[in-house]
Amino acid sequence: MALPKKKVAIDAKVISQQALYDHVFKLVVEAPEVAERAEAGQFVQLRILNGSCLLRRPVGIAAADKDKGTVAFIYRVVGKGTTALSQLKAGDTINVLGPLGHGFDIKAKKPLIVGGGMGLSPVLFYAAAMEGKADVLMGGKTAGELFWQDLFTGKVQDIFCTTDDGSLGTKGFTTTLLPELLAKKDYDLVVACGPEIMMKGIAKIAKEHGVRCQVSLEKRMGCGLGACLSCSIDTTDGQRKKVCKDGPVFEAGEVFA
Amino acid sequence: MALPKKKVAIDAKVISQQALYDHVFKLVVEAPEVAERAEAGQFVQLRILNGSCLLRRPVGIAAADKDKGTVAFIYRVVGKGTTALSQLKAGDTINVLGPLGHGFDIKAKKPLIVGGGMGLSPVLFYAAAMEGKADVLMGGKTAGELFWQDLFTGKVQDIFCTTDDGSLGTKGFTTTLLPELLAKKDYDLVVACGPEIMMKGIAKIAKEHGVRCQVSLEKRMGCGLGACLSCSIDTTDGQRKKVCKDGPVFEAGEVFA
Amino acid sequence: MSHVLQEKDQRLHTNIAGISMNTPVLTASGTFGFGEEFADFVDLSRLGGVMVKGTTLKPRRGNDGVRITESPMGMMNCIGLENPGVDVFLKETLPRIEQYGMNTIVNISGGTVEEYGILAEMLDVPGVAAIELNVSCPNVKEGGIVFGTDPKAAAAVVREAKKHTKKPVILKLSPNVTDIVTMAKACEDAGADILSLINTLMGMEINIHTQRPTLGNITGGLSGPCIKPVAVRMVWQVAQAVNVPIIGMGGISSFEDAIEFFLAGASAVAVGTANFADPNVTMKICDGIDNYLAEHKLDSIEQLVGKVQID
Amino acid sequence: MSHVLQEKDQRLHTNIAGISMNTPVLTASGTFGFGEEFADFVDLSRLGGVMVKGTTLKPRRGNDGVRITESPMGMMNCIGLENPGVDVFLKETLPRIEQYGMNTIVNISGGTVEEYGILAEMLDVPGVAAIELNVSCPNVKEGGIVFGTDPKAAAAVVREAKKHTKKPVILKLSPNVTDIVTMAKACEDAGADILSLINTLMGMEINIHTQRPTLGNITGGLSGPCIKPVAVRMVWQVAQAVNVPIIGMGGISSFEDAIEFFLAGASAVAVGTANFADPNVTMKICDGIDNYLAEHKLDSIEQLVGKVQID
Ligand SMILES: Cc1cc2nc3c(=O)[nH]c(=O)nc-3n(C[C@H](O)[C@H](O)[C@H](O)COP(=O)(O)OP(=O)(O)OC[C@H]3O[C@@H](n4cnc5c(N)ncnc54)[C@H](O)[C@@H]3O)c2cc1C
Ligand SMILES: Cc1cc2nc3c(=O)[nH]c(=O)nc-3n(C[C@H](O)[C@H](O)[C@H](O)COP(=O)(O)OP(=O)(O)OC[C@H]3O[C@@H](n4cnc5c(N)ncnc54)[C@H](O)[C@@H]3O)c2cc1C
Ligand SMILES: Cc1cc2nc3c(=O)[nH]c(=O)nc-3n(C[C@H](O)[C@H](O)[C@H](O)COP(=O)(O)O)c2cc1C
Ligand SMILES: Cc1cc2nc3c(=O)[nH]c(=O)nc-3n(C[C@H](O)[C@H](O)[C@H](O)COP(=O)(O)O)c2cc1C
Ligand code: FES
Ligand code: FES
């Protein structure tokens with residue numbers, strides 16, 4: 001079996017751990033073998049070795065620097081695994097399995113990224129991969145949640161914001177502003193990542209406007225390799241697919257009726 | 001139930017962690033409630049909170065400083081619990097349950113302490129409690145293992161050493177030198193702590209010389225409180241006793257035929 | 001045995017088969033001694049009850065050799081029912097622990113059906129709140145385990161005990177069975193007032209250095225968080241099949257765990273192994289349940305029992 | 001399927017019921033896909049075999065909703081036998097995985113005794129090393145579990161499979177039974193060439209925030225380190241009662257765990273859940289076993305099997 005490996009499982013050194021917002025952290029690790037292979041939209045499975053987590057935890061790749069050999073993740077602390085993750089310090093080691101799954105289409109000419117919450121992390125990598133060609137539309141509850149603006153600045157052309165309370169940008173959801181943007185601009189792809197309900201709404205609007213749409217799904221995972229069938233979803237044509245292997249990025253029409 | 005508490009379970013701050021020898025560490029924690037109550041020969045149950053240890057681990061009290069409110073433990077790394085223990089750093093927290101069990105007789109006039117290996121830890125506290133009245137006879141494989149000398153210096157009158165290889169003191173075991181010491185000096189109590197086989201030999205010699213002997217036993221423990229009966233032993237009169245509650249210190253005649 | 005209910009525990013008070021409990025949190029037999037060992041850490045009267053050490057007609061020495069060992073998120077024990085016998089319990093222990101004002105539930109084991117009857121009758125005295133029949137302890141060669149895996153034998157034990165005592169009779173189910181529901185129903189039909197479950201799963205550890213079993217009795221009873229999923233499942237299955245109240249146990253070490261058991265159908269819970277890691281854990285569990293009830297705007301634990309929603 | 005045995009694995013080579021295995025370390029059904037998913041991490045030909053995903057006559061969609069959840073040192077799953085069916089397996093999968101030169105053991109589940117026979121016959125083809133009868137999967141409502149808890153039904157399944165294939169037939173035992181030994185003996189008597197154990201314990205988790213079962217199928221199969229003590233105990237009990245070889249599994253995640261199973265009486269072991277935490281773990285286990293044999297001056301795994309010393 002001397003085929004080139006597509007995935008690796010390696011002990012990576014933590015380069016930095018930084019709080020970005022309430023309960024949101026950015027972790028940078030040294031993992032050249034992952035950085036080299038990573039595509040925007042892919043994810044990794046992190047092994048949290050504090051004895052209390054048996055299963056790995058999936059997180060999207062927020063950035064990969066092939067030169068420095070580093071990979072970044074942005075995650076929210078929600079339970080025991082992510083709590084343990086947030087306690088890692090520079091110099092600690094964490095095992096990274098990846099890159100896993102398939103990414104977004106990087107051959108688009110003028111993509112619009114739409115994201116909310118932690119969904120903005122994998123599309124940040126996509127923005128970087130598109131080298132300034134993309135716009136981003138981000139939604140949050142309040143202005144504070146859109147700390148993401150700083151992260152996207154310089155990586156995209158335009159940044160559009162919506163907030164539930166109107167404290168920044170358009171009052172409402174990403175779906176409030178999306179029709180206007182799709183009507184006004186010449187997007188050939190919508191790339192969506194965020195809560196499923198949001199993505200469904202976006203896919204519907206994109207379809208109405210005749211714009212292709214890719215979405216990134218989440219499902220609880222065991223192996224991350226397509227072996228255990230924990231992450232099965234139904235496709236619109238009645239098949240079962242695996243989020244970890246066939247996704248996490250799907251054509252919207254494949255998964256949302 | 002407003003009786004004064006005999007035992008407490010408290011989160012103690014780690015003051016220092018120091019390597020004394022290969023795999024042997026000294027841990028000092030701030031636990032005034034334990035220091036205040038501690039008697040020489042008693043032990044505590046440490047809760048090691050790294051997710052992998054469900055049960056506490058018993059360790060003897062090596063020193064208690066009522067003024068500073070600190071308690072010290074000396075332990076050898078032998079498995080996962082003690083490994084995790086050795087990774088604690090100053091400022092970390094560990095839950096200490098104790099003091100537990102009964103200690104040695106501190107009313108003796110001229111006691112001889114006999115110890116080997118980690119057994120020298122609880123009797124170090126006894127030496128301190130006897131305020132220089134005791135002598136100590138310590139045995140080890142080689143001179144290196146008798147790093148304990150430094151710890152006992154100033155706390156006892158005389159220090160006698162035996163080593164298996166003769167690299168320090170008398171060549172042989174503590175039992176090699178003991179008959180001579182008991183014959184020569186006027187001891188009214190032998191206090192023994194170490195491997196069971198050693199304590200049995202010592203108890204036998206002490207009996208032959210008509211000197212009272214106390215031994216400190218070890219048994220795997222669950223609760224440490226006398227509730228679970230994990231640590232039952234047979235006494236010579238056919239009863240069952242609990243090492244955690246009735247011991248760990250027993251009259252030699254109670255437990256060795 | 002009556003005492004003032006603490007203001008804060010109004011919501012937690014419950015009544016199971018006539019046993020008035022200040023809180024629905026008990027301690028599991030064999031893990032909490034006679035309660036007194038934990039008096040420095042626990043307000044014993046605040047517990048729903050203390051299920052004391054397994055008691056037999058004659059004193060028992062228990063097993064020799066190593067009696068406990070740790071396993072991943074669990075432990076195994078083979079204490080083997082060491083106890084001073086029912087006479088000593090009645091003469092010495094019971095009078096001594098009465099001061100704590102707790103519900104004392106006596107866990108009994110017999111070698112024959114008749115022995116359960118004799119024990120039940122001897123324990124039908126003031127100061128005993130209920131009798132728990134241990135038919136499932138896996139560590140005793142004679143008797144024990146047979147009653148726990150055969151519905152007819154378990155039912156016979158229940159009937160015999162009921163015949164000899166007016167106290168509520170609790171039957172403690174073993175998880176080492178194919179069909180826990182059949183066992184539960186047989187015991188309910190035989191007159192058990194309460195079912196408690198689960199006892200330990202039978203396990204084994206081999207020391208690969210000595211190449212011998214770690215435990216003196218070769219096998220041991222597995223307890224602790226690792227068995228919780230099995231316990232929750234069995235409580236849920238049994239709760240749907242019987243009408244008597246259930247005391248749920250197996251791996252409970254936090255209030256969240258306890259809530260899981262209530263939702264599954266337990267009217268009260270018992271804490272075992274977790275007492276070793278934290279002698280005060282039962283009090284924390286009581287506080288946590290109380291908060292949960294408050295947050296969910298419930299004024300009694302009954303409103304939670306069996307309320308798991310199945311679509 | 002033959003390939004050069006690596007020098008270092010001389011000691012590890014073994015032969016079980018005619019299946020030549022480079023090492024006594026297999027992977028457990030449902031946890032390792034068809035092996036190919038792990039090709040980047042594992043030298044598949046070094047494994048004793050890959051027990052592939054549970055296969056059924058017709059394709060199956062499996063269960064809806066959440067399919068896995070973590071528990072203390074374990075996990076529960078309710079995949080529900082999702083698979084493309086035996087036809088797709090034979091036409092597409094088998095030809096594709098042949099390149100890896102591994103022993104492919106096909107795990108099958110039937111709704112009726114006859115279905116096991118049909119499946120066994122269809123799979124009696126080159127490229128299949130053995131057939132493993134899954135009579136214990138707790139996630140399928142029809143059939144499945146009944147065969148796994150009734151000795152007569154399990155024996156019938158074994159006989160039917162044996163009648164229809166010349167491949168070695170492995171019967172996989174469920175731990176959710178009162179008496180694992182009776183089950184094992186019935187299957188041995190019916191002609192099983194190998195027994196594998198244990199499958200998952202049946203468990204349940206309730207989400208206390210939603211007050212619903214976490215898993216889509218309400219209950220799920222518990223696996224991982226938490227079940228190891230139960231697995232070791234059952235392997236030990238069965239090994240004493242039967243003469244056929246045993247493939248031991250349940251919570252193995254290190255070579256030390258594997259050695260425990262060999263000492264208890266397993267001739268080979270299978271690794272399941274641990275593959276998720278470390279996709280390379282089987283190779284580490286092989287290395288560790290080899291070192292252990294060397295340290296104990298043994299030249300084959302057979303010298304270790306069942307060698308636990310009981311005084
Ligand atoms: C492909 C993919 C990419 C992801 N990328 C990111 C990311 O970039 N940033 C980020 O913050 N989060 C991301 N998530 C979600 C993240 O995996 C979960 O928040 C995390 O697993 C929760 O673990 P915990 O131990 O803290 O929580 P706990 O609640 O303690 O976890 C308990 C169990 O639930 C599972 N679980 C709970 N929530 C989720 C979830 N949403 N998805 C998968 N498993 C879950 C865990 O694996 C574990 O088994 C991603 C999920 C997937 C599937
Ligand atoms: C009363 C008492 C006082 C002790 N005082 C000291 C001391 O001062 N210094 C010191 O170095 N050691 C002392 N020990 C021994 C110490 O408790 C063990 O070395 C320690 O528990 C091993 O834990 P581990 O997790 O590192 O080893 P592991 O082997 O991983 O432990 C596995 C299991 O075995 C139990 N165990 C293993 N060995 C022992 C043992 N010898 N005694 C009790 N339980 C054991 C553990 O509790 C645990 O359940 C004392 C033991 C007792 C009973
Ligand atoms: C050390 C120990 C001793 C036990 N002794 C008894 C006993 O005498 N009688 C009994 O019915 N159950 C006994 N049990 C079982 C517990 O009461 C309880 O059913 C089981 O441990 C599961 O609960 P847990 O996981 O909270 O410990 C014992 C358990 C342990 C750990
Ligand atoms: C996700 C998952 C899927 C499984 N699917 C099957 C299956 O299809 N057929 C089967 O016989 N066993 C199945 N099992 C059980 C395993 O093969 C194994 O018996 C069990 O998990 C115990 O081993 P472990 O603790 O090493 O995982 C499955 C287990 C898991 C975790
Ligand atoms: S996580 Fe195992 S198949 Fe997707
Ligand atoms: S450790 Fe529980 S009785 Fe001694």
# chains A, B, ... in the order shown; residues from 1 in each chain; ligands from 1

$ select_by_dssp --residues "stretch 162-250 of chain A" --states "helix (DSSP H, G or I)" --output "number ranges by chain"
A: 174-184, 196-208

$ residues_near_ligand --ligand "ligand 1" --cutoff "7 Å" --atoms "only C-alpha atoms and all ligand atoms" --output "PyMOL selection string"
(chain A and resi 43+55-62+73-83+118-119+121-122+217-221+244+248) or (chain D and resi 69-70)

$ residues_around --residues "C:Ala231" --least-positions-apart "4" --cutoff "7 Å" --atoms "only C-alpha atoms" --output "PDB file with N, CA, C and O atoms, in the first residue's frame"
ATOM      1  N   ILE C 198     -29.859  -0.769  39.769  1.00  0.00           N
ATOM      2  CA  ILE C 198     -29.349  -2.111  39.584  1.00  0.00           C
ATOM      3  C   ILE C 198     -28.264  -2.429  40.612  1.00  0.00           C
ATOM      4  O   ILE C 198     -27.605  -1.536  41.129  1.00  0.00           O
ATOM      5  N   ILE C 227     -21.332   1.879  34.457  1.00  0.00           N
ATOM      6  CA  ILE C 227     -22.544   1.054  34.324  1.00  0.00           C
ATOM      7  C   ILE C 227     -23.817   1.894  34.202  1.00  0.00           C
ATOM      8  O   ILE C 227     -24.904   1.351  34.038  1.00  0.00           O
ATOM      9  N   VAL C 235     -33.882   0.730  34.312  1.00  0.00           N
ATOM     10  CA  VAL C 235     -34.894   1.466  35.076  1.00  0.00           C
ATOM     11  C   VAL C 235     -36.031   1.879  34.140  1.00  0.00           C
ATOM     12  O   VAL C 235     -37.206   1.741  34.464  1.00  0.00           O
ATOM     13  N   MET C 249     -30.444   3.156  40.739  1.00  0.00           N
ATOM     14  CA  MET C 249     -29.031   3.362  41.094  1.00  0.00           C
ATOM     15  C   MET C 249     -28.134   2.699  40.069  1.00  0.00           C
ATOM     16  O   MET C 249     -28.569   1.886  39.251  1.00  0.00           O
ATOM     17  N   GLY C 250     -26.880   3.045  40.111  1.00  0.00           N
ATOM     18  CA  GLY C 250     -25.897   2.525  39.168  1.00  0.00           C
ATOM     19  C   GLY C 250     -25.161   3.679  38.533  1.00  0.00           C
ATOM     20  O   GLY C 250     -25.624   4.275  37.574  1.00  0.00           O
TER      21      GLY C 250
END

$ residues_around --residues "stretch 5-16 of chain B" --least-positions-apart "3" --cutoff "10 Å" --atoms "only C-alpha atoms" --output "PyMOL selection string"
(chain B and resi 1-2+26-34+37-38+44-47+70-72+88-101+225) or (chain C and resi 38-41+278-280)

$ interface_residues --of "chain D" --to "chain C" --cutoff "7 Å" --atoms "only C-alpha atoms" --output "list in words"
Pro72, Met73, Thr149, Asn176, Val177, Thr178, Met202, Gly203, Met204, Glu205, Ile206, Ile208, Gln211, Arg212, Thr219, Pro225, Cys226, Pro229, Val230, Val232, Arg233, Ile259, Glu260, Val308, Gln309 and Ile310 of chain D

$ closest_residue --among "C:Ala130, C:Leu171, C:Ala241, C:Leu44" --to "chain B" --atoms "only C-alpha atoms"
C:Leu44

$ residues_around --residues "A:Gly238" --least-positions-apart "6" --cutoff "10 Å" --atoms "only C-alpha atoms" --output "number ranges by chain"
A: 254-255; D: 61

$ write_last_selection --atoms "N, CA, C and O atoms" --output "compact mmCIF listing (two decimals), in the first residue's frame"
# COMPACT_ATOMS: atom_id res chain seq x y z
N GLU A 254 -28.67 18.50 -2.89
CA GLU A 254 -28.47 17.11 -2.51
C GLU A 254 -29.11 16.79 -1.16
O GLU A 254 -29.51 15.65 -0.90
N VAL A 255 -29.16 17.79 -0.28
CA VAL A 255 -29.57 17.52 1.10
C VAL A 255 -30.82 18.27 1.56
O VAL A 255 -31.45 17.87 2.54
N ARG D 61 -31.58 1.06 5.76
CA ARG D 61 -31.31 2.48 5.99
C ARG D 61 -30.75 2.75 7.38
O ARG D 61 -30.20 3.81 7.64

$ residues_near_ligand --ligand "ligand 6" --cutoff "6 Å" --atoms "only C-alpha atoms and all ligand atoms" --output "short mmCIF file (atom, residue, chain, number, x, y, z; two decimals) with N, CA, C and O atoms, in the first residue's frame"
data_model
loop_
_atom_site.label_atom_id
_atom_site.label_comp_id
_atom_site.auth_asym_id
_atom_site.auth_seq_id
_atom_site.Cartn_x
_atom_site.Cartn_y
_atom_site.Cartn_z
N MET B 221 -7.82 0.37 49.16
CA MET B 221 -8.92 1.03 49.84
C MET B 221 -9.96 1.61 48.90
O MET B 221 -9.62 2.09 47.83
N GLY B 222 -11.20 1.56 49.35
CA GLY B 222 -12.28 2.24 48.63
C GLY B 222 -12.57 3.56 49.33
O GLY B 222 -12.12 4.61 48.90
N CYS B 223 -13.26 3.47 50.45
CA CYS B 223 -13.75 4.68 51.10
C CYS B 223 -12.73 5.34 52.03
O CYS B 223 -12.72 6.55 52.17
N GLY B 224 -11.91 4.54 52.72
CA GLY B 224 -11.00 5.10 53.71
C GLY B 224 -11.68 5.45 55.02
O GLY B 224 -11.06 6.01 55.93
N LEU B 225 -12.98 5.14 55.13
CA LEU B 225 -13.78 5.57 56.27
C LEU B 225 -14.35 4.41 57.09
O LEU B 225 -15.13 4.62 58.01
N GLY B 226 -14.00 3.19 56.70
CA GLY B 226 -14.54 2.04 57.42
C GLY B 226 -15.90 1.60 56.93
O GLY B 226 -16.57 0.79 57.59
N ALA B 227 -16.32 2.09 55.77
CA ALA B 227 -17.68 1.81 55.32
C ALA B 227 -17.77 0.69 54.29
O ALA B 227 -18.76 -0.03 54.24
N CYS B 228 -16.75 0.53 53.45
CA CYS B 228 -16.92 -0.36 52.30
C CYS B 228 -16.33 -1.75 52.50
O CYS B 228 -16.60 -2.66 51.71
N LEU B 229 -15.52 -1.89 53.52
CA LEU B 229 -14.91 -3.19 53.86
C LEU B 229 -13.94 -3.72 52.80
O LEU B 229 -13.70 -4.92 52.72
N SER B 230 -13.38 -2.83 52.03
CA SER B 230 -12.39 -3.24 51.05
C SER B 230 -11.08 -3.67 51.71
O SER B 230 -10.35 -4.48 51.17
N CYS B 231 -10.82 -3.09 52.88
CA CYS B 231 -9.48 -3.20 53.46
C CYS B 231 -9.46 -4.12 54.66
O CYS B 231 -8.65 -3.93 55.57
N LYS B 242 -10.48 -3.36 59.98
CA LYS B 242 -10.31 -2.52 58.79
C LYS B 242 -9.03 -1.72 58.91
O LYS B 242 -8.84 -0.99 59.89
N VAL B 243 -8.19 -1.85 57.90
CA VAL B 243 -6.93 -1.10 57.93
C VAL B 243 -7.19 0.40 58.00
O VAL B 243 -6.52 1.14 58.70
N CYS B 244 -8.22 0.86 57.28
CA CYS B 244 -8.45 2.31 57.18
C CYS B 244 -8.95 2.92 58.48
O CYS B 244 -8.71 4.08 58.75
#

$ select_by_dssp --residues "stretch 74-131 of chain B" --states "strand (DSSP E or B)" --output "ChimeraX atom specification"
/B:74-76,93-100,102,111-116

$ write_last_selection --atoms "C-alpha atoms" --output "PDB file, in the first residue's frame"
ATOM      1  CA  ILE B  74       6.136  11.451  50.153  1.00  0.00           C
ATOM      2  CA  TYR B  75       5.177   8.968  47.508  1.00  0.00           C
ATOM      3  CA  ARG B  76       6.539   6.760  44.800  1.00  0.00           C
ATOM      4  CA  THR B  93      -5.635  22.092  43.711  1.00  0.00           C
ATOM      5  CA  ILE B  94      -6.124  18.603  45.083  1.00  0.00           C
ATOM      6  CA  ASN B  95      -8.867  17.293  47.306  1.00  0.00           C
ATOM      7  CA  VAL B  96      -7.610  15.799  50.553  1.00  0.00           C
ATOM      8  CA  LEU B  97      -9.768  13.544  52.697  1.00  0.00           C
ATOM      9  CA  GLY B  98      -8.461  12.996  56.176  1.00  0.00           C
ATOM     10  CA  PRO B  99      -6.825  12.564  58.505  1.00  0.00           C
ATOM     11  CA  LEU B 100      -7.803   8.911  58.514  1.00  0.00           C
ATOM     12  CA  HIS B 102      -5.129   5.758  63.969  1.00  0.00           C
ATOM     13  CA  PRO B 111      11.093   4.303  70.542  1.00  0.00           C
ATOM     14  CA  LEU B 112      13.029   2.730  67.717  1.00  0.00           C
ATOM     15  CA  ILE B 113      11.638   3.451  64.285  1.00  0.00           C
ATOM     16  CA  VAL B 114      12.297   0.773  61.683  1.00  0.00           C
ATOM     17  CA  GLY B 115      11.416   1.490  58.098  1.00  0.00           C
ATOM     18  CA  GLY B 116      12.046   0.588  54.510  1.00  0.00           C
TER      19      GLY B 116
END
